[in-house]
Amino acid sequence: MMIGCSGFVSINLRELIDMKSIMIIADGIGGRPTDLDGKTCLQVAETPEIDDLLARRGTGGLMDPIDNGVRPGSDTAHLSLFGYDPYACYTGRGVFEAAGIGMDLTENDVCFRTNFATIDSSGNIADRRAGRISEGQDELEEALAGLKSEKFPEVEVRFKRSTEHRGALCLRGPELGGNVSPTDPHELDIPIPESSGQDKESEKTASVLNEVTRQAREILGDHPLNKRREEEGKLPANAILSRGSAKYPEIQSVEKKYEVTSSVIAAGALYIGVARVAGMEFKPVEGATGTVDSNILNKAKKAVSELENGKDMVFVHFKGADNASHDHDPEAKVKYIEKVDDTIGWLKKNLDWEGTHLSFAGDHSTPIQYGDHVADPVPAIIAGPNVRRDELKSFDEFSCMGGGLGRFSGNLLPMTLSYSNKLPKFGA
Ligand code: ZN
Ligand code: ZN
């Protein structure tokens, strides 16, 4: 600071650093005191690194992922964390699953999640997952490359397999609606139901879907792979069932909305998909599986290298805590949280703390007893040089009640970007 000759205090303004942002979401990390011996898994887990990050550099609070009293899906929660209004832009899961397995999409696409399934000799669904088929799906995908609609030849039909029995179907063309009933009834011993549309454009989609579903049965029914499977006593993958119909959403990319470049580091198709639809570039990581065994340290390393290579923002997704919660397994959840803590410890040493803001939270709470997402708020941290630190010393559902972020709804990404001086102004 210098005293100028005018008598006013003038500050040598440091040149503004080009700051980076990293948002880390541990899926389903929040819990309830009924999780394990009267405590939440987050309270039981040893998290010295996260606690230290919060105490030394951060501020905490409780976040309603979408709003209070709303039980979030992971897809709608992530849209809300990214700063979108899921009530305005959420059209369904199919489009995220398709984007998440690498299909390139446009606003003319309607997408479905699919299963390879088994139809028995009387034409009824015998298994919705074709015995969890684990090999030969590439051959089946290739055989389905010729799917097309006779009735609406202008509609382009694309099918892509994913893991095991899973896959996605995309229909691209003019005047296709997304409000279509599934051909997957989630029931056995009945024929594949005909799809129907709720409006004129969706009727067109349903009509193409029904045609394609019949064609797929013919193609797959005669496929040599299925003949082999039957000889080996395995269930044939002789049909595809579709659900989660979704028209490509009207959504502004994060690059347009926030004027930042960004990457997504995740393993689960749904999270990759939501982020890709929001315009983030997917960066695969070796050993990332989307389960409790995932190599999440490699994800952290990739995140740092993405920031070093020029990206403004990286979104990192850790899935394991949610899997353990859906499995009602508190020990696995605690162990996974401790692995996340180690990874945060690595990040603490390897991020440039003069020029980076990090946010860390869940996308919802998934308590052990209930085994599914609930509306309870999740603890959240934002750490970095511009943050007004609070008195919090440990990261869990209880301590974060008293933190400087208070209680807030979604928008964790724009909050983080704002600390990094990367958020466009609303108004003049
Ligand atoms: Zn989730
Ligand atoms: Zn979940």
# chains A, B, ... in the order shown; residues from 1 in each chain; ligands from 1
>>> closest_atom_pairs(of="region 320-341 of chain A", to="region 374-398 of chain A", cutoff="12 Å", atoms="only C-alpha atoms", output="tab-separated table")
residue	atom	partner	partner_atom	distance
A:Asp322	CA	A:Val374	CA	11.8
A:Ser325	CA	A:Val374	CA	11.5
A:His326	CA	A:Val374	CA	11.6
A:Ile337	CA	A:Asp396	CA	11.2
A:Asp341	CA	A:Phe395	CA	10.7
>>> write_last_selection(atoms="all heavy atoms", output="PDB file, in the first residue's frame")
ATOM      1  N   ASP A 322     -22.935 -43.548  -3.273  1.00  0.00           N
ATOM      2  CA  ASP A 322     -24.344 -43.785  -3.606  1.00  0.00           C
ATOM      3  C   ASP A 322     -24.606 -45.280  -3.826  1.00  0.00           C
ATOM      4  O   ASP A 322     -25.627 -45.804  -3.392  1.00  0.00           O
ATOM      5  CB  ASP A 322     -24.711 -42.988  -4.868  1.00  0.00           C
ATOM      6  CG  ASP A 322     -26.217 -42.938  -5.100  1.00  0.00           C
ATOM      7  OD1 ASP A 322     -26.946 -42.561  -4.165  1.00  0.00           O
ATOM      8  OD2 ASP A 322     -26.654 -43.297  -6.217  1.00  0.00           O
ATOM      9  N   SER A 325     -24.861 -46.926  -0.552  1.00  0.00           N
ATOM     10  CA  SER A 325     -26.107 -46.547   0.127  1.00  0.00           C
ATOM     11  C   SER A 325     -27.297 -47.315  -0.440  1.00  0.00           C
ATOM     12  O   SER A 325     -28.149 -47.790   0.309  1.00  0.00           O
ATOM     13  CB  SER A 325     -26.371 -45.054  -0.034  1.00  0.00           C
ATOM     14  OG  SER A 325     -25.258 -44.293   0.329  1.00  0.00           O
ATOM     15  N   HIS A 326     -27.359 -47.434  -1.773  1.00  0.00           N
ATOM     16  CA  HIS A 326     -28.451 -48.210  -2.376  1.00  0.00           C
ATOM     17  C   HIS A 326     -28.372 -49.685  -1.941  1.00  0.00           C
ATOM     18  O   HIS A 326     -29.386 -50.363  -1.864  1.00  0.00           O
ATOM     19  CB  HIS A 326     -28.392 -48.136  -3.904  1.00  0.00           C
ATOM     20  CG  HIS A 326     -28.900 -46.831  -4.470  1.00  0.00           C
ATOM     21  ND1 HIS A 326     -30.235 -46.493  -4.500  1.00  0.00           N
ATOM     22  CD2 HIS A 326     -28.247 -45.790  -5.036  1.00  0.00           C
ATOM     23  CE1 HIS A 326     -30.379 -45.296  -5.068  1.00  0.00           C
ATOM     24  NE2 HIS A 326     -29.184 -44.844  -5.391  1.00  0.00           N
ATOM     25  N   ILE A 337     -15.934 -43.226   1.600  1.00  0.00           N
ATOM     26  CA  ILE A 337     -15.755 -41.815   1.985  1.00  0.00           C
ATOM     27  C   ILE A 337     -14.300 -41.575   2.394  1.00  0.00           C
ATOM     28  O   ILE A 337     -13.714 -40.538   2.076  1.00  0.00           O
ATOM     29  CB  ILE A 337     -16.732 -41.426   3.121  1.00  0.00           C
ATOM     30  CG1 ILE A 337     -18.189 -41.439   2.609  1.00  0.00           C
ATOM     31  CG2 ILE A 337     -16.400 -40.037   3.683  1.00  0.00           C
ATOM     32  CD1 ILE A 337     -19.246 -41.280   3.696  1.00  0.00           C
ATOM     33  N   ASP A 341     -11.574 -39.051   0.939  1.00  0.00           N
ATOM     34  CA  ASP A 341     -10.759 -38.165   1.774  1.00  0.00           C
ATOM     35  C   ASP A 341      -9.288 -38.206   1.348  1.00  0.00           C
ATOM     36  O   ASP A 341      -8.647 -37.163   1.236  1.00  0.00           O
ATOM     37  CB  ASP A 341     -10.910 -38.567   3.251  1.00  0.00           C
ATOM     38  CG  ASP A 341     -10.259 -37.542   4.165  1.00  0.00           C
ATOM     39  OD1 ASP A 341     -10.756 -36.407   4.207  1.00  0.00           O
ATOM     40  OD2 ASP A 341      -9.242 -37.867   4.796  1.00  0.00           O
TER      41      ASP A 341
END
>>> residues_around(residues="Lys348 (chain A)", least_positions_apart="6", cutoff="10 Å", atoms="only C-alpha atoms", output="list in words")
Glu49, Ile50, Asp52, Leu53, Asp342 and Leu358 of chain A
>>> write_last_selection(atoms="N, CA, C and O atoms", output="PDB file, in the first residue's frame")
ATOM      1  N   GLU A  49      -8.459 -35.006   5.891  1.00  0.00           N
ATOM      2  CA  GLU A  49      -8.071 -34.123   4.787  1.00  0.00           C
ATOM      3  C   GLU A  49      -9.195 -33.149   4.442  1.00  0.00           C
ATOM      4  O   GLU A  49      -8.971 -31.958   4.256  1.00  0.00           O
ATOM      5  N   ILE A  50     -10.415 -33.667   4.349  1.00  0.00           N
ATOM      6  CA  ILE A  50     -11.554 -32.785   4.029  1.00  0.00           C
ATOM      7  C   ILE A  50     -11.749 -31.786   5.178  1.00  0.00           C
ATOM      8  O   ILE A  50     -11.972 -30.598   4.960  1.00  0.00           O
ATOM      9  N   ASP A  52      -9.542 -30.634   7.216  1.00  0.00           N
ATOM     10  CA  ASP A  52      -8.462 -29.653   7.190  1.00  0.00           C
ATOM     11  C   ASP A  52      -8.666 -28.631   6.062  1.00  0.00           C
ATOM     12  O   ASP A  52      -8.434 -27.434   6.228  1.00  0.00           O
ATOM     13  N   LEU A  53      -9.140 -29.134   4.924  1.00  0.00           N
ATOM     14  CA  LEU A  53      -9.436 -28.235   3.796  1.00  0.00           C
ATOM     15  C   LEU A  53     -10.480 -27.202   4.215  1.00  0.00           C
ATOM     16  O   LEU A  53     -10.346 -26.001   3.965  1.00  0.00           O
ATOM     17  N   ASP A 342      -8.776 -39.415   1.103  1.00  0.00           N
ATOM     18  CA  ASP A 342      -7.376 -39.532   0.634  1.00  0.00           C
ATOM     19  C   ASP A 342      -7.186 -38.744  -0.661  1.00  0.00           C
ATOM     20  O   ASP A 342      -6.165 -38.089  -0.856  1.00  0.00           O
ATOM     21  N   LEU A 358     -12.251 -24.688  -5.061  1.00  0.00           N
ATOM     22  CA  LEU A 358     -12.739 -26.057  -5.112  1.00  0.00           C
ATOM     23  C   LEU A 358     -14.050 -26.130  -4.361  1.00  0.00           C
ATOM     24  O   LEU A 358     -14.150 -25.614  -3.238  1.00  0.00           O
TER      25      LEU A 358
END
>>> residues_near_ligand(ligand="ligand 1", cutoff="7 Å", atoms="only C-alpha atoms and all ligand atoms", output="PyMOL selection string")
chain A and resi 27-28+73-74+322+363-364
>>> write_last_selection(atoms="C-alpha atoms", output="mmCIF file, in the first residue's frame")
data_model
loop_
_atom_site.group_PDB
_atom_site.id
_atom_site.type_symbol
_atom_site.label_atom_id
_atom_site.label_comp_id
_atom_site.auth_asym_id
_atom_site.auth_seq_id
_atom_site.Cartn_x
_atom_site.Cartn_y
_atom_site.Cartn_z
ATOM 1 C CA ASP A 27 -22.873 -38.956 -5.275
ATOM 2 C CA GLY A 28 -25.240 -39.789 -2.424
ATOM 3 C CA GLY A 73 -32.761 -37.831 -9.132
ATOM 4 C CA SER A 74 -29.059 -37.734 -9.911
ATOM 5 C CA ASP A 322 -24.344 -43.785 -3.606
ATOM 6 C CA ASP A 363 -25.751 -34.406 -5.271
ATOM 7 C CA HIS A 364 -28.284 -35.639 -2.662
#
>>> residues_near_ligand(ligand="ligand 2", cutoff="12 Å", atoms="only C-alpha atoms and all ligand atoms", output="PyMOL selection string")
chain A and resi 26-30+71-77+268+270-271+290-291+318-328+362-368+370-374
>>> residues_around(residues="Asn179 (chain A)", least_positions_apart="3", cutoff="7 Å", atoms="only C-alpha atoms", output="VMD selection string")
chain A and resid 197 to 198 202 245
>>> write_last_selection(atoms="N, CA, C and O atoms", output="tab-separated table (two decimals), in the first residue's frame")
chain	number	residue	atom	x	y	z
A	197	GLY	N	-47.88	-42.36	-28.09
A	197	GLY	CA	-47.42	-40.99	-27.85
A	197	GLY	C	-48.53	-40.14	-27.28
A	197	GLY	O	-49.70	-40.38	-27.54
A	198	GLN	N	-48.13	-39.15	-26.47
A	198	GLN	CA	-49.13	-38.30	-25.81
A	198	GLN	C	-49.61	-37.15	-26.68
A	198	GLN	O	-50.55	-36.46	-26.33
A	202	SER	N	-45.33	-36.98	-30.71
A	202	SER	CA	-44.90	-38.16	-29.96
A	202	SER	C	-45.51	-39.44	-30.55
A	202	SER	O	-44.91	-40.51	-30.45
A	245	SER	N	-37.77	-42.36	-22.44
A	245	SER	CA	-37.87	-41.52	-23.63
A	245	SER	C	-37.60	-40.05	-23.30
A	245	SER	O	-38.14	-39.49	-22.35
>>> select_by_dssp(residues="region 83-331 of chain A", states="alpha helix (DSSP H)", output="count of residues only")
84
>>> residues_around(residues="Ala206 (chain A)", least_positions_apart="2", cutoff="10 Å", atoms="only C-alpha atoms", output="ChimeraX atom specification")
/A:176-183,194-198,200-204,208-212,245
>>> residues_around(residues="Gln215 (chain A)", least_positions_apart="2", cutoff="10 Å", atoms="only C-alpha atoms", output="PyMOL selection string")
chain A and resi 144+146-149+209-213+217-221+239-240
>>> write_last_selection(atoms="N, CA, C and O atoms", output="PDB file, in the first residue's frame")
ATOM      1  N   LEU A 144     -27.757 -54.437 -35.700  1.00  0.00           N
ATOM      2  CA  LEU A 144     -28.863 -53.478 -35.578  1.00  0.00           C
ATOM      3  C   LEU A 144     -28.566 -52.159 -36.299  1.00  0.00           C
ATOM      4  O   LEU A 144     -29.372 -51.232 -36.258  1.00  0.00           O
ATOM      5  N   GLY A 146     -28.691 -51.558 -39.293  1.00  0.00           N
ATOM      6  CA  GLY A 146     -29.591 -51.312 -40.425  1.00  0.00           C
ATOM      7  C   GLY A 146     -31.020 -50.970 -40.030  1.00  0.00           C
ATOM      8  O   GLY A 146     -31.894 -50.890 -40.906  1.00  0.00           O
ATOM      9  N   LEU A 147     -31.287 -50.758 -38.775  1.00  0.00           N
ATOM     10  CA  LEU A 147     -32.662 -50.447 -38.348  1.00  0.00           C
ATOM     11  C   LEU A 147     -33.151 -49.197 -39.067  1.00  0.00           C
ATOM     12  O   LEU A 147     -32.437 -48.196 -39.140  1.00  0.00           O
ATOM     13  N   LYS A 148     -34.377 -49.261 -39.586  1.00  0.00           N
ATOM     14  CA  LYS A 148     -34.930 -48.035 -40.174  1.00  0.00           C
ATOM     15  C   LYS A 148     -36.453 -48.107 -40.214  1.00  0.00           C
ATOM     16  O   LYS A 148     -37.043 -49.182 -40.133  1.00  0.00           O
ATOM     17  N   SER A 149     -37.056 -46.960 -40.323  1.00  0.00           N
ATOM     18  CA  SER A 149     -38.508 -46.907 -40.386  1.00  0.00           C
ATOM     19  C   SER A 149     -38.951 -46.903 -41.846  1.00  0.00           C
ATOM     20  O   SER A 149     -38.462 -46.108 -42.644  1.00  0.00           O
ATOM     21  N   LEU A 209     -40.749 -46.202 -33.040  1.00  0.00           N
ATOM     22  CA  LEU A 209     -40.224 -47.094 -31.993  1.00  0.00           C
ATOM     23  C   LEU A 209     -40.836 -48.498 -32.121  1.00  0.00           C
ATOM     24  O   LEU A 209     -40.129 -49.506 -32.021  1.00  0.00           O
ATOM     25  N   ASN A 210     -42.132 -48.570 -32.378  1.00  0.00           N
ATOM     26  CA  ASN A 210     -42.787 -49.881 -32.513  1.00  0.00           C
ATOM     27  C   ASN A 210     -42.255 -50.645 -33.727  1.00  0.00           C
ATOM     28  O   ASN A 210     -41.992 -51.847 -33.647  1.00  0.00           O
ATOM     29  N   GLU A 211     -42.086 -49.917 -34.825  1.00  0.00           N
ATOM     30  CA  GLU A 211     -41.534 -50.554 -36.032  1.00  0.00           C
ATOM     31  C   GLU A 211     -40.138 -51.112 -35.764  1.00  0.00           C
ATOM     32  O   GLU A 211     -39.824 -52.252 -36.114  1.00  0.00           O
ATOM     33  N   VAL A 212     -39.314 -50.272 -35.150  1.00  0.00           N
ATOM     34  CA  VAL A 212     -37.917 -50.634 -34.903  1.00  0.00           C
ATOM     35  C   VAL A 212     -37.824 -51.793 -33.902  1.00  0.00           C
ATOM     36  O   VAL A 212     -36.978 -52.675 -34.024  1.00  0.00           O
ATOM     37  N   THR A 213     -38.711 -51.796 -32.915  1.00  0.00           N
ATOM     38  CA  THR A 213     -38.718 -52.872 -31.918  1.00  0.00           C
ATOM     39  C   THR A 213     -39.032 -54.216 -32.590  1.00  0.00           C
ATOM     40  O   THR A 213     -38.406 -55.232 -32.302  1.00  0.00           O
ATOM     41  N   ARG A 217     -36.413 -57.488 -33.189  1.00  0.00           N
ATOM     42  CA  ARG A 217     -36.743 -58.877 -32.819  1.00  0.00           C
ATOM     43  C   ARG A 217     -36.430 -59.838 -33.952  1.00  0.00           C
ATOM     44  O   ARG A 217     -35.906 -60.933 -33.738  1.00  0.00           O
ATOM     45  N   GLU A 218     -36.781 -59.425 -35.189  1.00  0.00           N
ATOM     46  CA  GLU A 218     -36.492 -60.298 -36.338  1.00  0.00           C
ATOM     47  C   GLU A 218     -34.992 -60.470 -36.525  1.00  0.00           C
ATOM     48  O   GLU A 218     -34.497 -61.589 -36.698  1.00  0.00           O
ATOM     49  N   ILE A 219     -34.270 -59.342 -36.496  1.00  0.00           N
ATOM     50  CA  ILE A 219     -32.820 -59.389 -36.731  1.00  0.00           C
ATOM     51  C   ILE A 219     -32.121 -60.208 -35.641  1.00  0.00           C
ATOM     52  O   ILE A 219     -31.310 -61.090 -35.918  1.00  0.00           O
ATOM     53  N   LEU A 220     -32.478 -59.939 -34.400  1.00  0.00           N
ATOM     54  CA  LEU A 220     -31.783 -60.600 -33.289  1.00  0.00           C
ATOM     55  C   LEU A 220     -32.218 -62.059 -33.161  1.00  0.00           C
ATOM     56  O   LEU A 220     -31.421 -62.933 -32.800  1.00  0.00           O
ATOM     57  N   GLY A 221     -33.492 -62.322 -33.478  1.00  0.00           N
ATOM     58  CA  GLY A 221     -34.006 -63.699 -33.384  1.00  0.00           C
ATOM     59  C   GLY A 221     -33.234 -64.657 -34.274  1.00  0.00           C
ATOM     60  O   GLY A 221     -33.010 -65.818 -33.917  1.00  0.00           O
ATOM     61  N   ALA A 239     -34.308 -59.402 -28.279  1.00  0.00           N
ATOM     62  CA  ALA A 239     -35.184 -58.217 -28.385  1.00  0.00           C
ATOM     63  C   ALA A 239     -34.511 -57.041 -27.701  1.00  0.00           C
ATOM     64  O   ALA A 239     -33.604 -57.222 -26.887  1.00  0.00           O
ATOM     65  N   ILE A 240     -34.942 -55.831 -28.053  1.00  0.00           N
ATOM     66  CA  ILE A 240     -34.553 -54.686 -27.231  1.00  0.00           C
ATOM     67  C   ILE A 240     -35.819 -54.028 -26.658  1.00  0.00           C
ATOM     68  O   ILE A 240     -36.836 -53.903 -27.341  1.00  0.00           O
TER      69      ILE A 240
END
